[in-house]
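Visitor: The structure file structure_1.txt (compact mmCIF, N, CA and C atoms) is provided below.
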```txt
# COMPACT_ATOMS: atom_id res chain seq x y z
N ILE X 1 -13.64 -45.54 44.89
CA ILE X 1 -14.01 -45.67 43.49
C ILE X 1 -15.31 -46.47 43.40
N THR X 2 -16.12 -46.13 42.49
CA THR X 2 -17.41 -46.80 42.33
C THR X 2 -17.22 -48.15 41.63
N GLU X 3 -18.27 -48.98 41.69
CA GLU X 3 -18.21 -50.27 41.00
C GLU X 3 -17.99 -50.07 39.51
N SER X 4 -18.67 -49.08 38.93
CA SER X 4 -18.49 -48.86 37.50
C SER X 4 -17.06 -48.39 37.20
N GLY X 5 -16.50 -47.61 38.10
CA GLY X 5 -15.11 -47.18 37.93
C GLY X 5 -14.16 -48.36 38.01
N GLN X 6 -14.43 -49.25 38.95
CA GLN X 6 -13.62 -50.45 39.09
C GLN X 6 -13.72 -51.30 37.82
N ALA X 7 -14.92 -51.45 37.31
CA ALA X 7 -15.12 -52.25 36.09
C ALA X 7 -14.35 -51.64 34.93
N LYS X 8 -14.34 -50.31 34.84
CA LYS X 8 -13.60 -49.66 33.76
C LYS X 8 -12.11 -49.92 33.87
N LEU X 9 -11.59 -49.87 35.12
CA LEU X 9 -10.17 -50.16 35.31
C LEU X 9 -9.85 -51.58 34.86
N LEU X 10 -10.71 -52.52 35.25
CA LEU X 10 -10.47 -53.90 34.87
C LEU X 10 -10.61 -54.08 33.37
N ASP X 11 -11.53 -53.33 32.74
CA ASP X 11 -11.68 -53.39 31.29
C ASP X 11 -10.40 -52.95 30.59
N PHE X 12 -9.66 -52.06 31.19
CA PHE X 12 -8.41 -51.58 30.60
C PHE X 12 -7.24 -52.52 30.87
N GLY X 13 -7.52 -53.64 31.46
CA GLY X 13 -6.48 -54.64 31.63
C GLY X 13 -5.70 -54.54 32.92
N LEU X 14 -6.26 -53.89 33.93
CA LEU X 14 -5.54 -53.76 35.20
C LEU X 14 -5.11 -55.11 35.73
N ALA X 15 -6.02 -56.05 35.76
CA ALA X 15 -5.69 -57.37 36.29
C ALA X 15 -4.60 -58.02 35.45
N LYS X 16 -4.72 -57.91 34.16
CA LYS X 16 -3.73 -58.51 33.26
C LYS X 16 -2.35 -57.89 33.47
N GLN X 17 -2.32 -56.58 33.63
CA GLN X 17 -1.05 -55.89 33.82
C GLN X 17 -0.38 -56.29 35.13
N HIS X 18 -1.16 -56.41 36.18
CA HIS X 18 -0.57 -56.76 37.47
C HIS X 18 -0.19 -58.23 37.54
N ALA X 19 -0.91 -59.08 36.85
CA ALA X 19 -0.50 -60.48 36.76
C ALA X 19 0.83 -60.57 35.99
N PHE X 20 0.97 -59.76 34.95
CA PHE X 20 2.22 -59.71 34.20
C PHE X 20 3.35 -59.20 35.09
N ALA X 21 3.06 -58.19 35.90
CA ALA X 21 4.06 -57.63 36.81
C ALA X 21 4.54 -58.68 37.80
N ALA X 22 3.63 -59.47 38.33
CA ALA X 22 4.02 -60.53 39.26
C ALA X 22 4.93 -61.53 38.55
N GLY X 23 4.60 -61.86 37.32
CA GLY X 23 5.44 -62.77 36.54
C GLY X 23 6.81 -62.19 36.27
N SER X 24 6.87 -60.90 36.00
CA SER X 24 8.16 -60.23 35.77
C SER X 24 9.01 -60.25 37.03
N GLY X 25 8.36 -60.07 38.18
CA GLY X 25 9.08 -60.15 39.45
C GLY X 25 9.67 -61.52 39.68
N ARG X 26 8.91 -62.54 39.31
CA ARG X 26 9.42 -63.92 39.44
C ARG X 26 10.63 -64.14 38.53
N GLN X 27 10.60 -63.56 37.34
CA GLN X 27 11.75 -63.67 36.44
C GLN X 27 12.97 -62.98 37.03
N ALA X 28 12.77 -61.82 37.65
CA ALA X 28 13.88 -61.11 38.29
C ALA X 28 14.46 -61.94 39.43
N ILE X 29 13.60 -62.59 40.19
CA ILE X 29 14.07 -63.42 41.30
C ILE X 29 14.83 -64.64 40.79
N ALA X 30 14.41 -65.17 39.65
CA ALA X 30 15.14 -66.29 39.06
C ALA X 30 16.58 -65.88 38.71
N LEU X 31 16.75 -64.63 38.29
CA LEU X 31 18.08 -64.12 37.96
C LEU X 31 18.87 -63.74 39.21
N ASP X 32 18.17 -63.22 40.21
CA ASP X 32 18.82 -62.78 41.45
C ASP X 32 17.89 -63.05 42.63
N PRO X 33 18.03 -64.22 43.26
CA PRO X 33 17.13 -64.59 44.37
C PRO X 33 17.22 -63.66 45.58
N ALA X 34 18.25 -62.83 45.63
CA ALA X 34 18.40 -61.90 46.75
C ALA X 34 17.89 -60.51 46.43
N CYS X 35 17.09 -60.37 45.40
CA CYS X 35 16.56 -59.06 45.00
C CYS X 35 15.29 -58.75 45.80
N ALA X 36 15.46 -58.07 46.90
CA ALA X 36 14.32 -57.75 47.78
C ALA X 36 13.29 -56.90 47.06
N LEU X 37 13.72 -56.00 46.21
CA LEU X 37 12.79 -55.12 45.50
C LEU X 37 11.85 -55.91 44.58
N ALA X 38 12.35 -56.99 44.01
CA ALA X 38 11.49 -57.83 43.16
C ALA X 38 10.39 -58.48 43.99
N TYR X 39 10.72 -58.95 45.18
CA TYR X 39 9.70 -59.54 46.05
C TYR X 39 8.67 -58.49 46.45
N SER X 40 9.14 -57.28 46.70
CA SER X 40 8.22 -56.20 47.05
C SER X 40 7.28 -55.88 45.89
N GLY X 41 7.81 -55.89 44.68
CA GLY X 41 6.99 -55.65 43.50
C GLY X 41 5.93 -56.73 43.32
N ILE X 42 6.30 -57.98 43.57
CA ILE X 42 5.34 -59.08 43.51
C ILE X 42 4.24 -58.86 44.54
N ALA X 43 4.65 -58.46 45.74
CA ALA X 43 3.67 -58.20 46.80
C ALA X 43 2.68 -57.12 46.37
N ASP X 44 3.18 -56.05 45.80
CA ASP X 44 2.31 -54.96 45.35
C ASP X 44 1.35 -55.44 44.26
N ALA X 45 1.85 -56.25 43.34
CA ALA X 45 1.00 -56.75 42.26
C ALA X 45 -0.15 -57.59 42.82
N PHE X 46 0.16 -58.49 43.75
CA PHE X 46 -0.90 -59.31 44.34
C PHE X 46 -1.87 -58.48 45.17
N ALA X 47 -1.35 -57.48 45.87
CA ALA X 47 -2.23 -56.62 46.66
C ALA X 47 -3.24 -55.90 45.77
N VAL X 48 -2.77 -55.35 44.67
CA VAL X 48 -3.66 -54.65 43.75
C VAL X 48 -4.67 -55.62 43.15
N LEU X 49 -4.21 -56.81 42.77
CA LEU X 49 -5.13 -57.81 42.23
C LEU X 49 -6.24 -58.13 43.24
N GLY X 50 -5.87 -58.24 44.50
CA GLY X 50 -6.86 -58.54 45.54
C GLY X 50 -7.81 -57.39 45.80
N PHE X 51 -7.29 -56.17 45.81
CA PHE X 51 -8.14 -55.01 46.10
C PHE X 51 -9.08 -54.67 44.97
N TRP X 52 -8.65 -54.87 43.73
CA TRP X 52 -9.44 -54.43 42.59
C TRP X 52 -10.17 -55.55 41.87
N GLY X 53 -10.20 -56.72 42.46
CA GLY X 53 -11.02 -57.78 41.91
C GLY X 53 -10.38 -58.62 40.83
N GLY X 54 -9.10 -58.48 40.60
CA GLY X 54 -8.43 -59.31 39.61
C GLY X 54 -8.17 -60.71 40.12
N MET X 55 -8.30 -60.88 41.44
CA MET X 55 -8.07 -62.16 42.10
C MET X 55 -8.80 -62.09 43.44
N PRO X 56 -9.36 -63.18 43.93
CA PRO X 56 -10.02 -63.12 45.24
C PRO X 56 -9.03 -62.70 46.33
N PRO X 57 -9.42 -61.76 47.19
CA PRO X 57 -8.51 -61.31 48.25
C PRO X 57 -7.98 -62.45 49.11
N ARG X 58 -8.80 -63.46 49.35
CA ARG X 58 -8.34 -64.58 50.19
C ARG X 58 -7.18 -65.33 49.54
N ASP X 59 -7.05 -65.21 48.23
CA ASP X 59 -5.93 -65.83 47.52
C ASP X 59 -4.77 -64.86 47.33
N ALA X 60 -5.08 -63.62 47.03
CA ALA X 60 -4.05 -62.63 46.70
C ALA X 60 -3.29 -62.13 47.92
N PHE X 61 -4.00 -61.81 49.00
CA PHE X 61 -3.34 -61.18 50.15
C PHE X 61 -2.31 -62.07 50.83
N PRO X 62 -2.57 -63.37 51.02
CA PRO X 62 -1.50 -64.21 51.60
C PRO X 62 -0.25 -64.23 50.72
N LYS X 63 -0.42 -64.22 49.42
CA LYS X 63 0.73 -64.20 48.52
C LYS X 63 1.47 -62.87 48.65
N ALA X 64 0.72 -61.78 48.79
CA ALA X 64 1.34 -60.46 48.97
C ALA X 64 2.11 -60.40 50.29
N ARG X 65 1.50 -60.94 51.35
CA ARG X 65 2.19 -60.94 52.65
C ARG X 65 3.47 -61.78 52.60
N GLU X 66 3.38 -62.94 51.97
CA GLU X 66 4.54 -63.82 51.87
C GLU X 66 5.68 -63.14 51.12
N ALA X 67 5.37 -62.51 50.00
CA ALA X 67 6.40 -61.83 49.22
C ALA X 67 6.98 -60.64 49.99
N SER X 68 6.14 -59.90 50.70
CA SER X 68 6.62 -58.77 51.51
C SER X 68 7.57 -59.24 52.59
N ARG X 69 7.19 -60.31 53.26
CA ARG X 69 8.04 -60.84 54.34
C ARG X 69 9.37 -61.35 53.80
N LYS X 70 9.34 -61.97 52.63
CA LYS X 70 10.59 -62.43 52.02
C LYS X 70 11.48 -61.24 51.69
N ALA X 71 10.90 -60.17 51.16
CA ALA X 71 11.67 -58.97 50.87
C ALA X 71 12.31 -58.41 52.13
N LEU X 72 11.55 -58.39 53.22
CA LEU X 72 12.08 -57.86 54.49
C LEU X 72 13.12 -58.80 55.09
N GLU X 73 12.99 -60.07 54.84
CA GLU X 73 14.00 -61.03 55.30
C GLU X 73 15.33 -60.75 54.61
N ILE X 74 15.26 -60.39 53.34
CA ILE X 74 16.47 -60.08 52.57
C ILE X 74 17.02 -58.71 52.95
N ASP X 75 16.15 -57.73 53.06
CA ASP X 75 16.56 -56.35 53.38
C ASP X 75 15.53 -55.73 54.31
N GLY X 76 15.79 -55.81 55.59
CA GLY X 76 14.87 -55.33 56.61
C GLY X 76 14.65 -53.82 56.59
N GLU X 77 15.47 -53.09 55.85
CA GLU X 77 15.34 -51.64 55.80
C GLU X 77 14.71 -51.14 54.50
N LEU X 78 14.28 -52.04 53.64
CA LEU X 78 13.70 -51.64 52.36
C LEU X 78 12.33 -51.04 52.58
N ALA X 79 12.22 -49.75 52.35
CA ALA X 79 10.96 -49.04 52.61
C ALA X 79 9.81 -49.61 51.79
N GLU X 80 10.09 -49.96 50.54
CA GLU X 80 9.03 -50.50 49.67
C GLU X 80 8.43 -51.77 50.25
N ALA X 81 9.25 -52.60 50.84
CA ALA X 81 8.76 -53.85 51.42
C ALA X 81 7.90 -53.58 52.65
N HIS X 82 8.27 -52.60 53.46
CA HIS X 82 7.45 -52.23 54.61
C HIS X 82 6.08 -51.71 54.15
N CYS X 83 6.09 -50.90 53.11
CA CYS X 83 4.82 -50.39 52.56
C CYS X 83 3.97 -51.51 51.99
N SER X 84 4.61 -52.43 51.29
CA SER X 84 3.89 -53.56 50.70
C SER X 84 3.20 -54.38 51.78
N LEU X 85 3.90 -54.63 52.86
CA LEU X 85 3.32 -55.42 53.95
C LEU X 85 2.20 -54.65 54.64
N ALA X 86 2.40 -53.38 54.85
CA ALA X 86 1.36 -52.57 55.50
C ALA X 86 0.09 -52.54 54.67
N TYR X 87 0.22 -52.59 53.39
CA TYR X 87 -0.93 -52.52 52.47
C TYR X 87 -1.88 -53.69 52.65
N VAL X 88 -1.36 -54.85 53.02
CA VAL X 88 -2.20 -56.06 53.12
C VAL X 88 -2.36 -56.56 54.55
N ARG X 89 -1.99 -55.79 55.52
CA ARG X 89 -2.19 -56.23 56.91
C ARG X 89 -3.60 -56.06 57.32
```
Starting from the file, lay out its structure as structure tokens.
Guide:
Amino acid sequence: ITESGQAKLLDFGLAKQHAFAAGSGRQAIALDPACALAYSGIADAFAVLGFWGGMPPRDAFPKAREASRKALEIDGELAEAHCSLAYVR
């Protein structure tokens, strides 16, 4: 995607939406700390924020890796968590 395309995505609130998604994942974890899928969703949100400029990659990717690893710790067979981790390796 071009820089102008990236800017358009961010103009439509991509960063805001993914920051909201990460917050929603945290709320799910507060209700059920063993919800591996919520950790995977948080990982995906941070990965997208890092890739598309909503957050510096040096800040976003470690958070994505941490959330992916936590998801895999809870459920080592969760495909979404494996994909989330692969995305930021």
Visitor: Would you list, as a PDB file with N, CA and C atoms, in the frame of the given file, the residues of segment 8-67 of chain X that end up in helix (DSSP H, G or I) under DSSP run on this structure's backbone?
Guide:
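File produced: states-v1.pdb:
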```pdb
ATOM      1  N   LYS X   8     -14.340 -50.310  34.840  1.00  0.00           N
ATOM      2  CA  LYS X   8     -13.600 -49.660  33.760  1.00  0.00           C
ATOM      3  C   LYS X   8     -12.110 -49.920  33.870  1.00  0.00           C
ATOM      4  N   LEU X   9     -11.590 -49.870  35.120  1.00  0.00           N
ATOM      5  CA  LEU X   9     -10.170 -50.160  35.310  1.00  0.00           C
ATOM      6  C   LEU X   9      -9.850 -51.580  34.860  1.00  0.00           C
ATOM      7  N   LEU X  10     -10.710 -52.520  35.250  1.00  0.00           N
ATOM      8  CA  LEU X  10     -10.470 -53.900  34.870  1.00  0.00           C
ATOM      9  C   LEU X  10     -10.610 -54.080  33.370  1.00  0.00           C
ATOM     10  N   ASP X  11     -11.530 -53.330  32.740  1.00  0.00           N
ATOM     11  CA  ASP X  11     -11.680 -53.390  31.290  1.00  0.00           C
ATOM     12  C   ASP X  11     -10.400 -52.950  30.590  1.00  0.00           C
ATOM     13  N   LEU X  14      -6.260 -53.890  33.930  1.00  0.00           N
ATOM     14  CA  LEU X  14      -5.540 -53.760  35.200  1.00  0.00           C
ATOM     15  C   LEU X  14      -5.110 -55.110  35.730  1.00  0.00           C
ATOM     16  N   ALA X  15      -6.020 -56.050  35.760  1.00  0.00           N
ATOM     17  CA  ALA X  15      -5.690 -57.370  36.290  1.00  0.00           C
ATOM     18  C   ALA X  15      -4.600 -58.020  35.450  1.00  0.00           C
ATOM     19  N   LYS X  16      -4.720 -57.910  34.160  1.00  0.00           N
ATOM     20  CA  LYS X  16      -3.730 -58.510  33.260  1.00  0.00           C
ATOM     21  C   LYS X  16      -2.350 -57.890  33.470  1.00  0.00           C
ATOM     22  N   GLN X  17      -2.320 -56.580  33.630  1.00  0.00           N
ATOM     23  CA  GLN X  17      -1.050 -55.890  33.820  1.00  0.00           C
ATOM     24  C   GLN X  17      -0.380 -56.290  35.130  1.00  0.00           C
ATOM     25  N   HIS X  18      -1.160 -56.410  36.180  1.00  0.00           N
ATOM     26  CA  HIS X  18      -0.570 -56.760  37.470  1.00  0.00           C
ATOM     27  C   HIS X  18      -0.190 -58.230  37.540  1.00  0.00           C
ATOM     28  N   ALA X  19      -0.910 -59.080  36.850  1.00  0.00           N
ATOM     29  CA  ALA X  19      -0.500 -60.480  36.760  1.00  0.00           C
ATOM     30  C   ALA X  19       0.830 -60.570  35.990  1.00  0.00           C
ATOM     31  N   PHE X  20       0.970 -59.760  34.950  1.00  0.00           N
ATOM     32  CA  PHE X  20       2.220 -59.710  34.200  1.00  0.00           C
ATOM     33  C   PHE X  20       3.350 -59.200  35.090  1.00  0.00           C
ATOM     34  N   ALA X  21       3.060 -58.190  35.900  1.00  0.00           N
ATOM     35  CA  ALA X  21       4.060 -57.630  36.810  1.00  0.00           C
ATOM     36  C   ALA X  21       4.540 -58.680  37.800  1.00  0.00           C
ATOM     37  N   ALA X  22       3.630 -59.470  38.330  1.00  0.00           N
ATOM     38  CA  ALA X  22       4.020 -60.530  39.260  1.00  0.00           C
ATOM     39  C   ALA X  22       4.930 -61.530  38.550  1.00  0.00           C
ATOM     40  N   GLY X  23       4.600 -61.860  37.320  1.00  0.00           N
ATOM     41  CA  GLY X  23       5.440 -62.770  36.540  1.00  0.00           C
ATOM     42  C   GLY X  23       6.810 -62.190  36.270  1.00  0.00           C
ATOM     43  N   SER X  24       6.870 -60.900  36.000  1.00  0.00           N
ATOM     44  CA  SER X  24       8.160 -60.230  35.770  1.00  0.00           C
ATOM     45  C   SER X  24       9.010 -60.250  37.030  1.00  0.00           C
ATOM     46  N   GLY X  25       8.360 -60.070  38.180  1.00  0.00           N
ATOM     47  CA  GLY X  25       9.080 -60.150  39.450  1.00  0.00           C
ATOM     48  C   GLY X  25       9.670 -61.520  39.680  1.00  0.00           C
ATOM     49  N   ARG X  26       8.910 -62.540  39.310  1.00  0.00           N
ATOM     50  CA  ARG X  26       9.420 -63.920  39.440  1.00  0.00           C
ATOM     51  C   ARG X  26      10.630 -64.140  38.530  1.00  0.00           C
ATOM     52  N   GLN X  27      10.600 -63.560  37.340  1.00  0.00           N
ATOM     53  CA  GLN X  27      11.750 -63.670  36.440  1.00  0.00           C
ATOM     54  C   GLN X  27      12.970 -62.980  37.030  1.00  0.00           C
ATOM     55  N   ALA X  28      12.770 -61.820  37.650  1.00  0.00           N
ATOM     56  CA  ALA X  28      13.880 -61.110  38.290  1.00  0.00           C
ATOM     57  C   ALA X  28      14.460 -61.940  39.430  1.00  0.00           C
ATOM     58  N   ILE X  29      13.600 -62.590  40.190  1.00  0.00           N
ATOM     59  CA  ILE X  29      14.070 -63.420  41.300  1.00  0.00           C
ATOM     60  C   ILE X  29      14.830 -64.640  40.790  1.00  0.00           C
ATOM     61  N   ALA X  30      14.410 -65.170  39.650  1.00  0.00           N
ATOM     62  CA  ALA X  30      15.140 -66.290  39.060  1.00  0.00           C
ATOM     63  C   ALA X  30      16.580 -65.880  38.710  1.00  0.00           C
ATOM     64  N   LEU X  31      16.750 -64.630  38.290  1.00  0.00           N
ATOM     65  CA  LEU X  31      18.080 -64.120  37.960  1.00  0.00           C
ATOM     66  C   LEU X  31      18.870 -63.740  39.210  1.00  0.00           C
ATOM     67  N   ALA X  36      15.460 -58.070  46.900  1.00  0.00           N
ATOM     68  CA  ALA X  36      14.320 -57.750  47.780  1.00  0.00           C
ATOM     69  C   ALA X  36      13.290 -56.900  47.060  1.00  0.00           C
ATOM     70  N   LEU X  37      13.720 -56.000  46.210  1.00  0.00           N
ATOM     71  CA  LEU X  37      12.790 -55.120  45.500  1.00  0.00           C
ATOM     72  C   LEU X  37      11.850 -55.910  44.580  1.00  0.00           C
ATOM     73  N   ALA X  38      12.350 -56.990  44.010  1.00  0.00           N
ATOM     74  CA  ALA X  38      11.490 -57.830  43.160  1.00  0.00           C
ATOM     75  C   ALA X  38      10.390 -58.480  43.990  1.00  0.00           C
ATOM     76  N   TYR X  39      10.720 -58.950  45.180  1.00  0.00           N
ATOM     77  CA  TYR X  39       9.700 -59.540  46.050  1.00  0.00           C
ATOM     78  C   TYR X  39       8.670 -58.490  46.450  1.00  0.00           C
ATOM     79  N   SER X  40       9.140 -57.280  46.700  1.00  0.00           N
ATOM     80  CA  SER X  40       8.220 -56.200  47.050  1.00  0.00           C
ATOM     81  C   SER X  40       7.280 -55.880  45.890  1.00  0.00           C
ATOM     82  N   GLY X  41       7.810 -55.890  44.680  1.00  0.00           N
ATOM     83  CA  GLY X  41       6.990 -55.650  43.500  1.00  0.00           C
ATOM     84  C   GLY X  41       5.930 -56.730  43.320  1.00  0.00           C
ATOM     85  N   ILE X  42       6.300 -57.980  43.570  1.00  0.00           N
ATOM     86  CA  ILE X  42       5.340 -59.080  43.510  1.00  0.00           C
ATOM     87  C   ILE X  42       4.240 -58.860  44.540  1.00  0.00           C
ATOM     88  N   ALA X  43       4.650 -58.460  45.740  1.00  0.00           N
ATOM     89  CA  ALA X  43       3.670 -58.200  46.800  1.00  0.00           C
ATOM     90  C   ALA X  43       2.680 -57.120  46.370  1.00  0.00           C
ATOM     91  N   ASP X  44       3.180 -56.050  45.800  1.00  0.00           N
ATOM     92  CA  ASP X  44       2.310 -54.960  45.350  1.00  0.00           C
ATOM     93  C   ASP X  44       1.350 -55.440  44.260  1.00  0.00           C
ATOM     94  N   ALA X  45       1.850 -56.250  43.340  1.00  0.00           N
ATOM     95  CA  ALA X  45       1.000 -56.750  42.260  1.00  0.00           C
ATOM     96  C   ALA X  45      -0.150 -57.590  42.820  1.00  0.00           C
ATOM     97  N   PHE X  46       0.160 -58.490  43.750  1.00  0.00           N
ATOM     98  CA  PHE X  46      -0.900 -59.310  44.340  1.00  0.00           C
ATOM     99  C   PHE X  46      -1.870 -58.480  45.170  1.00  0.00           C
ATOM    100  N   ALA X  47      -1.350 -57.480  45.870  1.00  0.00           N
ATOM    101  CA  ALA X  47      -2.230 -56.620  46.660  1.00  0.00           C
ATOM    102  C   ALA X  47      -3.240 -55.900  45.770  1.00  0.00           C
ATOM    103  N   VAL X  48      -2.770 -55.350  44.670  1.00  0.00           N
ATOM    104  CA  VAL X  48      -3.660 -54.650  43.750  1.00  0.00           C
ATOM    105  C   VAL X  48      -4.670 -55.620  43.150  1.00  0.00           C
ATOM    106  N   LEU X  49      -4.210 -56.810  42.770  1.00  0.00           N
ATOM    107  CA  LEU X  49      -5.130 -57.810  42.230  1.00  0.00           C
ATOM    108  C   LEU X  49      -6.240 -58.130  43.240  1.00  0.00           C
ATOM    109  N   GLY X  50      -5.870 -58.240  44.500  1.00  0.00           N
ATOM    110  CA  GLY X  50      -6.860 -58.540  45.540  1.00  0.00           C
ATOM    111  C   GLY X  50      -7.810 -57.390  45.800  1.00  0.00           C
ATOM    112  N   PHE X  51      -7.290 -56.170  45.810  1.00  0.00           N
ATOM    113  CA  PHE X  51      -8.140 -55.010  46.100  1.00  0.00           C
ATOM    114  C   PHE X  51      -9.080 -54.670  44.970  1.00  0.00           C
ATOM    115  N   PRO X  57      -9.420 -61.760  47.190  1.00  0.00           N
ATOM    116  CA  PRO X  57      -8.510 -61.310  48.250  1.00  0.00           C
ATOM    117  C   PRO X  57      -7.980 -62.450  49.110  1.00  0.00           C
ATOM    118  N   ARG X  58      -8.800 -63.460  49.350  1.00  0.00           N
ATOM    119  CA  ARG X  58      -8.340 -64.580  50.190  1.00  0.00           C
ATOM    120  C   ARG X  58      -7.180 -65.330  49.540  1.00  0.00           C
ATOM    121  N   ASP X  59      -7.050 -65.210  48.230  1.00  0.00           N
ATOM    122  CA  ASP X  59      -5.930 -65.830  47.520  1.00  0.00           C
ATOM    123  C   ASP X  59      -4.770 -64.860  47.330  1.00  0.00           C
ATOM    124  N   ALA X  60      -5.080 -63.620  47.030  1.00  0.00           N
ATOM    125  CA  ALA X  60      -4.050 -62.630  46.700  1.00  0.00           C
ATOM    126  C   ALA X  60      -3.290 -62.130  47.920  1.00  0.00           C
ATOM    127  N   PHE X  61      -4.000 -61.810  49.000  1.00  0.00           N
ATOM    128  CA  PHE X  61      -3.340 -61.180  50.150  1.00  0.00           C
ATOM    129  C   PHE X  61      -2.310 -62.070  50.830  1.00  0.00           C
ATOM    130  N   PRO X  62      -2.570 -63.370  51.020  1.00  0.00           N
ATOM    131  CA  PRO X  62      -1.500 -64.210  51.600  1.00  0.00           C
ATOM    132  C   PRO X  62      -0.250 -64.230  50.720  1.00  0.00           C
ATOM    133  N   LYS X  63      -0.420 -64.220  49.420  1.00  0.00           N
ATOM    134  CA  LYS X  63       0.730 -64.200  48.520  1.00  0.00           C
ATOM    135  C   LYS X  63       1.470 -62.870  48.650  1.00  0.00           C
ATOM    136  N   ALA X  64       0.720 -61.780  48.790  1.00  0.00           N
ATOM    137  CA  ALA X  64       1.340 -60.460  48.970  1.00  0.00           C
ATOM    138  C   ALA X  64       2.110 -60.400  50.290  1.00  0.00           C
ATOM    139  N   ARG X  65       1.500 -60.940  51.350  1.00  0.00           N
ATOM    140  CA  ARG X  65       2.190 -60.940  52.650  1.00  0.00           C
ATOM    141  C   ARG X  65       3.470 -61.780  52.600  1.00  0.00           C
ATOM    142  N   GLU X  66       3.380 -62.940  51.970  1.00  0.00           N
ATOM    143  CA  GLU X  66       4.540 -63.820  51.870  1.00  0.00           C
ATOM    144  C   GLU X  66       5.680 -63.140  51.120  1.00  0.00           C
ATOM    145  N   ALA X  67       5.370 -62.510  50.000  1.00  0.00           N
ATOM    146  CA  ALA X  67       6.400 -61.830  49.220  1.00  0.00           C
ATOM    147  C   ALA X  67       6.980 -60.640  49.990  1.00  0.00           C
TER     148      ALA X  67
END
```
Visitor: Can you work out the spacing between atom C of His82 of chain X and atom CA of Gln17 of chain X in Å, to one decimal?
Guide: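 Those two atoms sit 21.9 Å apart.
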Visitor: Taking (4.6, -61.0, 42.5) in the file's coordinates, which residues come within 10 Å, counting only C-alpha atoms, written as JSON, numbers by chain?
Guide: {"X": [18, 19, 20, 21, 22, 23, 24, 25, 26, 27, 29, 38, 39, 40, 41, 42, 43, 44, 45, 46, 47, 60, 63, 64, 66, 67, 68]}
Visitor: Just write the chosen residues, N, CA and C atoms, as a tab-separated table (two decimals), in the frame of the given file.
Guide:
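Saved result, out15.tsv, follows:
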```tsv
chain	number	residue	atom	x	y	z
X	18	HIS	N	-1.16	-56.41	36.18
X	18	HIS	CA	-0.57	-56.76	37.47
X	18	HIS	C	-0.19	-58.23	37.54
X	19	ALA	N	-0.91	-59.08	36.85
X	19	ALA	CA	-0.50	-60.48	36.76
X	19	ALA	C	0.83	-60.57	35.99
X	20	PHE	N	0.97	-59.76	34.95
X	20	PHE	CA	2.22	-59.71	34.20
X	20	PHE	C	3.35	-59.20	35.09
X	21	ALA	N	3.06	-58.19	35.90
X	21	ALA	CA	4.06	-57.63	36.81
X	21	ALA	C	4.54	-58.68	37.80
X	22	ALA	N	3.63	-59.47	38.33
X	22	ALA	CA	4.02	-60.53	39.26
X	22	ALA	C	4.93	-61.53	38.55
X	23	GLY	N	4.60	-61.86	37.32
X	23	GLY	CA	5.44	-62.77	36.54
X	23	GLY	C	6.81	-62.19	36.27
X	24	SER	N	6.87	-60.90	36.00
X	24	SER	CA	8.16	-60.23	35.77
X	24	SER	C	9.01	-60.25	37.03
X	25	GLY	N	8.36	-60.07	38.18
X	25	GLY	CA	9.08	-60.15	39.45
X	25	GLY	C	9.67	-61.52	39.68
X	26	ARG	N	8.91	-62.54	39.31
X	26	ARG	CA	9.42	-63.92	39.44
X	26	ARG	C	10.63	-64.14	38.53
X	27	GLN	N	10.60	-63.56	37.34
X	27	GLN	CA	11.75	-63.67	36.44
X	27	GLN	C	12.97	-62.98	37.03
X	29	ILE	N	13.60	-62.59	40.19
X	29	ILE	CA	14.07	-63.42	41.30
X	29	ILE	C	14.83	-64.64	40.79
X	38	ALA	N	12.35	-56.99	44.01
X	38	ALA	CA	11.49	-57.83	43.16
X	38	ALA	C	10.39	-58.48	43.99
X	39	TYR	N	10.72	-58.95	45.18
X	39	TYR	CA	9.70	-59.54	46.05
X	39	TYR	C	8.67	-58.49	46.45
X	40	SER	N	9.14	-57.28	46.70
X	40	SER	CA	8.22	-56.20	47.05
X	40	SER	C	7.28	-55.88	45.89
X	41	GLY	N	7.81	-55.89	44.68
X	41	GLY	CA	6.99	-55.65	43.50
X	41	GLY	C	5.93	-56.73	43.32
X	42	ILE	N	6.30	-57.98	43.57
X	42	ILE	CA	5.34	-59.08	43.51
X	42	ILE	C	4.24	-58.86	44.54
X	43	ALA	N	4.65	-58.46	45.74
X	43	ALA	CA	3.67	-58.20	46.80
X	43	ALA	C	2.68	-57.12	46.37
X	44	ASP	N	3.18	-56.05	45.80
X	44	ASP	CA	2.31	-54.96	45.35
X	44	ASP	C	1.35	-55.44	44.26
X	45	ALA	N	1.85	-56.25	43.34
X	45	ALA	CA	1.00	-56.75	42.26
X	45	ALA	C	-0.15	-57.59	42.82
X	46	PHE	N	0.16	-58.49	43.75
X	46	PHE	CA	-0.90	-59.31	44.34
X	46	PHE	C	-1.87	-58.48	45.17
X	47	ALA	N	-1.35	-57.48	45.87
X	47	ALA	CA	-2.23	-56.62	46.66
X	47	ALA	C	-3.24	-55.90	45.77
X	60	ALA	N	-5.08	-63.62	47.03
X	60	ALA	CA	-4.05	-62.63	46.70
X	60	ALA	C	-3.29	-62.13	47.92
X	63	LYS	N	-0.42	-64.22	49.42
X	63	LYS	CA	0.73	-64.20	48.52
X	63	LYS	C	1.47	-62.87	48.65
X	64	ALA	N	0.72	-61.78	48.79
X	64	ALA	CA	1.34	-60.46	48.97
X	64	ALA	C	2.11	-60.40	50.29
X	66	GLU	N	3.38	-62.94	51.97
X	66	GLU	CA	4.54	-63.82	51.87
X	66	GLU	C	5.68	-63.14	51.12
X	67	ALA	N	5.37	-62.51	50.00
X	67	ALA	CA	6.40	-61.83	49.22
X	67	ALA	C	6.98	-60.64	49.99
X	68	SER	N	6.14	-59.90	50.70
X	68	SER	CA	6.62	-58.77	51.51
X	68	SER	C	7.57	-59.24	52.59
```
Visitor: For Arg69 of chain X, list every protein, DNA or RNA residue within 12 Å, evaluated using only C-alpha atoms, and leave out those in the same chain fewer than 6 positions away; present the list as an MDAnalysis selection string.
Guide: chainID X and resid 36:37 39:40 42:43 62:63 75:78 80:86 88:89
Visitor: Pick out the closest residue to Phe61 of chain X from this set: X:Val48, X:Ala79, X:Ala28, X:Cys35. Count only C-alpha atoms.
Guide: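 Ranked by minimum distance to Phe61 of chain X, first place goes to X:Val48.
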